[in-house]
file upload27.tsv (TSV, C-alpha atoms)
chain	number	residue	atom	x	y	z
B	968	MET	CA	25.94	5.23	17.37
B	969	ALA	CA	27.66	2.01	18.40
B	970	ASN	CA	28.07	-0.68	15.77
B	971	LEU	CA	26.22	-3.18	17.93
B	972	TYR	CA	23.17	-2.63	20.10
B	973	HIS	CA	24.45	-5.28	22.49
B	974	ASN	CA	27.87	-6.46	23.48
B	975	ASN	CA	27.61	-9.99	22.12
B	976	ASP	CA	29.86	-12.25	20.08
B	977	VAL	CA	27.08	-13.04	17.60
B	978	GLN	CA	26.77	-10.16	15.12
B	979	HIS	CA	23.59	-10.53	13.10
B	980	MET	CA	23.02	-8.64	9.88
B	981	THR	CA	19.38	-7.66	9.56
B	982	CYS	CA	17.19	-6.28	6.79
B	983	LEU	CA	14.10	-4.38	7.97
B	984	LEU	CA	11.38	-4.08	5.33
B	985	ASP	CA	8.19	-2.07	5.25
B	986	MET	CA	5.36	-3.86	3.38
B	987	ASP	CA	2.89	-1.33	1.94
B	988	THR	CA	4.05	0.68	-1.09
B	989	THR	CA	7.56	-0.67	-0.50
B	990	LEU	CA	7.04	-4.34	-1.33
B	991	TYR	CA	3.30	-4.38	-2.03
B	992	ARG	CA	1.73	-2.30	-4.80
B	993	GLY	CA	-1.69	-3.81	-5.58
B	994	ARG	CA	-4.49	-1.45	-6.56
B	995	PHE	CA	-4.14	1.09	-3.75
B	996	GLY	CA	-0.63	0.38	-2.47
B	997	TYR	CA	-1.82	-0.87	0.92
B	998	VAL	CA	-2.82	-4.44	1.77
B	999	ILE	CA	-5.38	-3.25	4.32
B	1000	VAL	CA	-7.06	-0.94	1.81
B	1001	ASP	CA	-7.33	-3.60	-0.90
B	1002	LEU	CA	-8.53	-6.09	1.72
B	1003	ILE	CA	-11.21	-3.69	2.95
B	1004	VAL	CA	-12.51	-3.27	-0.59
B	1005	PHE	CA	-12.50	-7.05	-1.05
B	1006	LEU	CA	-14.34	-7.67	2.25
B	1007	SER	CA	-16.97	-5.08	1.36
B	1008	LYS	CA	-17.74	-7.07	-1.77
B	1009	THR	CA	-18.16	-10.27	0.25
B	1010	GLY	CA	-20.59	-8.54	2.60
B	1011	ARG	CA	-18.27	-8.55	5.62
B	1012	LEU	CA	-18.26	-4.76	5.82
B	1013	ASP	CA	-21.46	-2.81	6.12
B	1014	TYR	CA	-20.57	0.41	4.30
B	1015	LYS	CA	-22.95	3.11	3.11
B	1016	GLY	CA	-21.91	4.71	-0.16
B	1017	ASP	CA	-19.30	4.00	-2.82
B	1018	LEU	CA	-16.39	2.57	-0.84
B	1019	GLU	CA	-13.84	2.55	-3.67
B	1020	GLN	CA	-14.53	6.16	-4.60
B	1021	ASP	CA	-14.39	7.25	-0.97
B	1022	ILE	CA	-11.05	5.47	-0.53
B	1023	ILE	CA	-9.68	7.12	-3.67
B	1024	ALA	CA	-10.70	10.49	-2.24
B	1025	MET	CA	-8.93	9.67	1.03
B	1026	MET	CA	-5.84	8.43	-0.79
B	1027	LYS	CA	-5.63	11.64	-2.78
B	1028	ASN	CA	-6.09	13.83	0.31
B	1029	PRO	CA	-5.08	11.74	3.31
B	1030	GLY	CA	-4.29	14.74	5.53
B	1031	ASP	CA	-2.69	13.44	8.68
B	1032	ARG	CA	-1.22	10.06	7.74
B	1033	THR	CA	-1.70	8.53	11.19
B	1034	ALA	CA	-5.34	9.60	11.38
B	1035	PHE	CA	-5.90	8.17	7.89
B	1036	ALA	CA	-4.31	4.86	8.84
B	1037	LYS	CA	-6.37	4.65	12.05
B	1038	LYS	CA	-9.57	5.33	10.14
B	1039	LEU	CA	-8.85	2.44	7.79
B	1040	MET	CA	-7.98	0.13	10.69
B	1041	HIS	CA	-11.25	1.04	12.41
B	1042	MET	CA	-13.12	0.20	9.21
B	1043	TYR	CA	-11.46	-3.20	9.18
B	1044	PHE	CA	-11.81	-4.10	12.85
B	1045	ASP	CA	-15.35	-2.76	13.18
B	1046	GLY	CA	-16.34	-4.80	10.16
B	1047	VAL	CA	-14.83	-8.15	11.15
B	1048	LYS	CA	-14.93	-8.21	14.95
B	1049	HIS	CA	-18.21	-10.16	14.94
B	1050	PHE	CA	-16.73	-13.03	12.92
B	1051	ASN	CA	-14.57	-15.84	14.25
B	1052	LYS	CA	-10.95	-16.36	13.26
B	1053	ASP	CA	-11.64	-19.26	10.90
B	1054	THR	CA	-14.07	-17.15	8.89
B	1055	ILE	CA	-11.61	-14.29	8.56
B	1056	ASP	CA	-8.78	-16.67	7.69
B	1057	ARG	CA	-10.88	-18.11	4.86
B	1058	ASP	CA	-11.70	-14.63	3.55
B	1059	ILE	CA	-8.03	-13.62	3.64
B	1060	ALA	CA	-6.97	-16.81	1.86
B	1061	GLU	CA	-9.54	-16.04	-0.85
B	1062	PHE	CA	-8.29	-12.44	-1.07
B	1063	TRP	CA	-4.75	-13.64	-1.73
B	1064	SER	CA	-5.68	-16.60	-3.97
B	1065	ASP	CA	-5.30	-14.64	-7.23
B	1066	ARG	CA	-2.88	-12.04	-5.89
B	1067	LEU	CA	0.14	-13.84	-4.41
B	1068	GLY	CA	1.59	-14.91	-7.75
B	1069	ASN	CA	0.31	-11.93	-9.70
B	1070	SER	CA	3.06	-9.63	-10.96
B	1071	THR	CA	0.86	-6.55	-10.48
B	1072	THR	CA	0.64	-7.26	-6.75
B	1073	TRP	CA	4.34	-6.67	-6.12
B	1074	TYR	CA	6.98	-4.29	-7.42
B	1075	GLU	CA	9.58	-5.61	-9.83
B	1076	HIS	CA	12.18	-5.38	-7.08
B	1077	THR	CA	10.18	-7.09	-4.31
B	1078	LYS	CA	11.20	-10.72	-4.72
B	1079	PRO	CA	14.71	-10.02	-6.11
B	1080	LEU	CA	15.44	-7.68	-3.19
B	1081	ILE	CA	14.39	-10.17	-0.52
B	1082	SER	CA	16.25	-12.95	-2.34
B	1083	LEU	CA	19.40	-10.81	-2.49
B	1084	MET	CA	19.21	-9.93	1.19
B	1085	ASN	CA	18.74	-13.60	2.09
B	1086	GLN	CA	21.73	-14.54	-0.06
B	1087	GLU	CA	23.81	-11.85	1.61
B	1088	HIS	CA	22.98	-13.34	5.03
B	1089	ARG	CA	20.71	-10.50	6.13
B	1090	GLU	CA	17.81	-11.72	8.25
B	1091	THR	CA	14.80	-10.37	6.33
B	1092	ILE	CA	12.14	-8.97	8.66
B	1093	VAL	CA	8.90	-7.34	7.49
B	1094	VAL	CA	7.59	-4.69	9.90
B	1095	SER	CA	4.03	-3.50	9.31
B	1096	GLY	CA	1.19	-1.75	11.12
B	1097	SER	CA	-1.31	-3.85	9.16
B	1098	PRO	CA	-3.13	-6.83	10.77
B	1099	ARG	CA	-0.84	-9.82	11.09
B	1100	GLU	CA	-3.43	-12.27	9.79
B	1101	ALA	CA	-3.63	-10.31	6.54
B	1102	LEU	CA	0.11	-10.68	5.90
B	1103	THR	CA	1.10	-14.10	7.25
B	1104	ILE	CA	0.26	-15.85	3.99
B	1105	THR	CA	2.75	-13.67	2.10
B	1106	GLN	CA	5.77	-14.96	4.04
B	1107	GLN	CA	6.15	-18.18	2.06
B	1108	GLU	CA	5.64	-16.44	-1.29
B	1109	LEU	CA	8.17	-13.68	-0.61
B	1110	GLN	CA	10.55	-15.80	1.47
B	1111	PHE	CA	11.20	-13.31	4.27
B	1112	VAL	CA	12.20	-14.73	7.65
B	1113	GLN	CA	10.14	-12.85	10.24
B	1114	LEU	CA	6.94	-10.79	10.36
B	1115	TYR	CA	6.05	-8.14	12.95
B	1116	ALA	CA	2.52	-6.79	12.56
B	1117	THR	CA	-0.58	-5.92	14.59
B	1118	HIS	CA	-2.01	-8.92	16.48
B	1119	SER	CA	-5.59	-9.88	17.22
B	1120	THR	CA	-6.68	-10.88	20.74
B	1121	ASN	CA	-7.83	-14.48	21.13
B	1122	GLY	CA	-9.05	-14.51	17.57
B	1123	ARG	CA	-11.29	-11.49	18.17
B	1124	TYR	CA	-10.84	-7.86	17.15
B	1125	THR	CA	-11.13	-4.96	19.56
B	1126	SER	CA	-11.24	-1.20	19.16
B	1127	TRP	CA	-7.81	-0.58	20.73
B	1128	GLN	CA	-6.12	-2.29	17.80
B	1129	GLU	CA	-5.31	0.78	15.81
B	1130	ARG	CA	-1.54	0.76	16.32
B	1131	ALA	CA	-0.72	1.61	12.75
B	1132	THR	CA	2.25	3.29	11.07
B	1133	LYS	CA	5.00	4.83	13.18
B	1134	ASP	CA	3.84	3.79	16.68
B	1135	ALA	CA	3.54	0.11	15.77
B	1136	LYS	CA	6.83	0.14	13.89
B	1137	ARG	CA	8.65	1.87	16.73
B	1138	TRP	CA	7.48	-0.83	19.13
B	1139	ALA	CA	8.46	-3.63	16.73
B	1140	VAL	CA	11.92	-2.21	16.04
B	1141	SER	CA	12.50	-1.73	19.75
B	1142	PHE	CA	11.69	-5.40	20.32
B	1143	ILE	CA	13.92	-6.48	17.43
B	1144	ARG	CA	16.80	-4.42	18.84
B	1145	GLU	CA	16.43	-6.12	22.21
B	1146	SER	CA	16.20	-9.64	20.80
B	1147	ARG	CA	18.99	-9.47	18.21
B	1148	TYR	CA	22.59	-8.32	18.30
B	1149	PHE	CA	22.85	-6.83	14.85
B	1150	ASP	CA	25.53	-4.78	13.22
B	1151	VAL	CA	23.96	-1.49	12.18
B	1152	THR	CA	26.76	-0.77	9.71
B	1153	LYS	CA	25.90	-3.86	7.68
B	1154	SER	CA	22.16	-4.10	8.28
B	1155	PHE	CA	19.66	-2.50	5.90
B	1156	ALA	CA	16.25	-0.82	6.12
B	1157	PHE	CA	13.68	-0.15	3.40
B	1158	GLY	CA	10.59	2.02	3.60
B	1159	ASP	CA	8.56	4.60	1.72
B	1160	SER	CA	7.38	7.19	4.23
B	1161	GLU	CA	8.10	9.18	7.36
B	1162	SER	CA	6.31	6.46	9.35
B	1163	ASP	CA	9.23	4.16	8.53
B	1164	THR	CA	11.66	6.36	10.45
B	1165	PRO	CA	12.00	3.74	13.25
B	1166	LEU	CA	13.29	1.27	10.65
B	1167	PHE	CA	15.73	3.79	9.19
B	1168	ASP	CA	16.95	4.85	12.62
B	1169	ALA	CA	17.88	1.25	13.41
B	1170	VAL	CA	20.72	1.34	10.85
B	1171	ILE	CA	23.29	3.88	9.72
B	1172	PRO	CA	21.86	6.44	7.22
B	1173	GLU	CA	23.90	5.03	4.33
B	1174	ASN	CA	21.99	1.74	4.68
B	1175	ALA	CA	18.54	3.32	4.86
B	1176	PHE	CA	16.75	3.19	1.51
B	1177	PHE	CA	13.78	5.50	1.07
B	1178	PHE	CA	11.68	4.12	-1.78
B	1179	PHE	CA	9.17	6.01	-3.86
B	1180	ASP	CA	7.39	4.65	-6.91
B	1181	ASP	CA	7.56	7.38	-9.54
B	1182	GLU	CA	4.85	5.70	-11.62
B	1183	PRO	CA	1.33	6.78	-10.61
B	1184	PHE	CA	-1.47	4.37	-9.75
B	1185	GLU	CA	-4.31	4.15	-12.27
B	1186	TRP	CA	-6.50	6.35	-10.07
B	1187	GLU	CA	-3.75	8.92	-9.38
B	1188	ASP	CA	-2.88	12.17	-11.11
B	1189	LYS	CA	0.54	12.02	-12.77
B	1190	LYS	CA	1.53	15.58	-11.84
B	1191	ALA	CA	0.54	15.02	-8.24
B	1192	ARG	CA	2.76	11.93	-8.22
B	1193	GLU	CA	5.68	13.92	-9.61
B	1194	ARG	CA	5.27	16.58	-6.91
B	1195	LYS	CA	5.15	13.91	-4.23
B	1196	SER	CA	8.28	12.29	-5.64
B	1197	LYS	CA	10.21	15.57	-5.29
B	1198	GLU	CA	8.95	16.00	-1.73
B	1199	LYS	CA	10.01	12.49	-0.81
B	1200	GLU	CA	13.45	12.96	-2.34
B	1201	LEU	CA	13.98	16.16	-0.36
B	1202	MET	CA	12.95	14.37	2.83
B	1203	ALA	CA	15.34	11.50	2.16
B	1204	THR	CA	18.20	13.87	1.37
B	1205	SER	CA	17.62	15.90	4.53
B	1206	LYS	CA	17.84	12.72	6.62
B	1207	GLY	CA	20.85	11.29	4.82
B	1208	TRP	CA	18.85	8.33	3.50
B	1209	THR	CA	19.33	6.95	0.00
B	1210	PHE	CA	16.38	7.87	-2.23
B	1211	VAL	CA	15.45	5.13	-4.70
B	1212	THR	CA	12.73	4.44	-7.27
B	1213	ARG	CA	11.64	1.19	-8.87
B	1214	HIS	CA	14.21	1.88	-11.59
B	1215	THR	CA	17.19	2.48	-9.28
B	1216	LEU	CA	16.60	0.46	-6.12
B	1217	MET	CA	18.38	-2.79	-6.99
B	1218	GLU	CA	21.33	-1.00	-8.58
B	1219	LYS	CA	21.92	1.21	-5.53
B	1220	VAL	CA	21.50	-1.66	-3.08
B	1221	LYS	CA	24.06	-3.77	-4.93
B	1222	ALA	CA	26.45	-0.81	-5.03
B	1223	ARG	CA	26.08	-0.39	-1.27
B	1224	LEU	CA	26.79	-4.08	-0.69
B	1225	VAL	CA	29.98	-3.75	-2.72
B	1226	ALA	CA	31.03	-0.68	-0.71
B	1227	ILE	CA	30.45	-2.53	2.57
B	1228	GLU	CA	32.49	-5.48	1.34
B	1229	ARG	CA	35.40	-3.18	0.45
B	1230	LEU	CA	35.36	-1.69	3.94
B	1231	ALA	CA	35.49	-5.11	5.57
call {"tool": "encode", "arguments": {"input": "upload27.tsv", "output": "structure tokens"}}
result
Amino acid sequence: MANLYHNNDVQHMTCLLDMDTTLYRGRFGYVIVDLIVFLSKTGRLDYKGDLEQDIIAMMKNPGDRTAFAKKLMHMYFDGVKHFNKDTIDRDIAEFWSDRLGNSTTWYEHTKPLISLMNQEHRETIVVSGSPREALTITQQELQFVQLYATHSTNGRYTSWQERATKDAKRWAVSFIRESRYFDVTKSFAFGDSESDTPLFDAVIPENAFFFFDDEPFEWEDKKARERKSKEKELMATSKGWTFVTRHTLMEKVKARLVAIERLA
């Protein structure tokens, strides 16, 4: 792999960041899931049954991750496509009103990590398969530079907009590669799942940080979380990525920055 994707005198250092369960924790680990629950309580979603319990069941047994993500996106778009953009923007602003500054919304490392990357002159870019309008408001709070996420069409929502997880991220990273001349040996990537592979592949393996929160959610079985943690660590090791938890992430990132500086 060449150090630069383009032959250009300007060598950017980039930091690619996944949002859900990497930066955002919330109740379910995914902005779109928590937003769907919120919208159902405002009457925006017409759902038969106990939505929270059904989501918990899906979260515990998601099966194919892509199919699970598409199902959630369909729930969102089918529920809001009849409302105009201003209405949805107001709902989203209300959703975030008591969440943005809430410590339980983010991981302990979220803001310090982005701050560190900004200080180290890495252009912080969040790449997400979630709807862009649901995440835009977080940019000022977290202080990242760019956001790549799923767009709406003329303020309306259509059935084709299900580009979640790996497909959406692959497209975004491809665009970022074409528009920036960044040094892959000094750029970083952070994610929490196999769907973040396009982010990890954009940098050298030593700079790819595979995060997994070893503390279970309130609705999650502790033993199941421990099993998943071991599976994630094995996956990271097999790919050459650095496996980190909420307790080790900042320490390992700082150590990597020191190592890069010594090689300079």
call {"tool": "residues_around", "arguments": {"input": "upload27.tsv", "residues": "segment 1015-1020 of chain B", "least_positions_apart": "3", "cutoff": "7 Å", "atoms": "only C-alpha atoms", "output": "VMD selection string"}}
result
chain B and resid 1004 1023 to 1024
call {"tool": "atom_distance", "arguments": {"input": "upload27.tsv", "atom1": "atom CA of Pro1172 of chain B", "atom2": "atom CA of Lys1206 of chain B"}}
result
7.5 Å
call {"tool": "atom_distance", "arguments": {"input": "upload27.tsv", "atom1": "atom CA of Thr988 of chain B", "atom2": "atom CA of Asn1069 of chain B"}}
result
15.7 Å
call {"tool": "atom_distance", "arguments": {"input": "upload27.tsv", "atom1": "atom CA of Trp1073 of chain B", "atom2": "atom CA of Thr1103 of chain B"}}
result
15.6 Å
call {"tool": "closest_residue", "arguments": {"input": "upload27.tsv", "among": "B:Asp1163, B:Asp1045, B:Glu1061, B:Asp1150", "to": "Gly1096 of chain B", "atoms": "all atoms listed in the file"}}
result
B:Asp1163
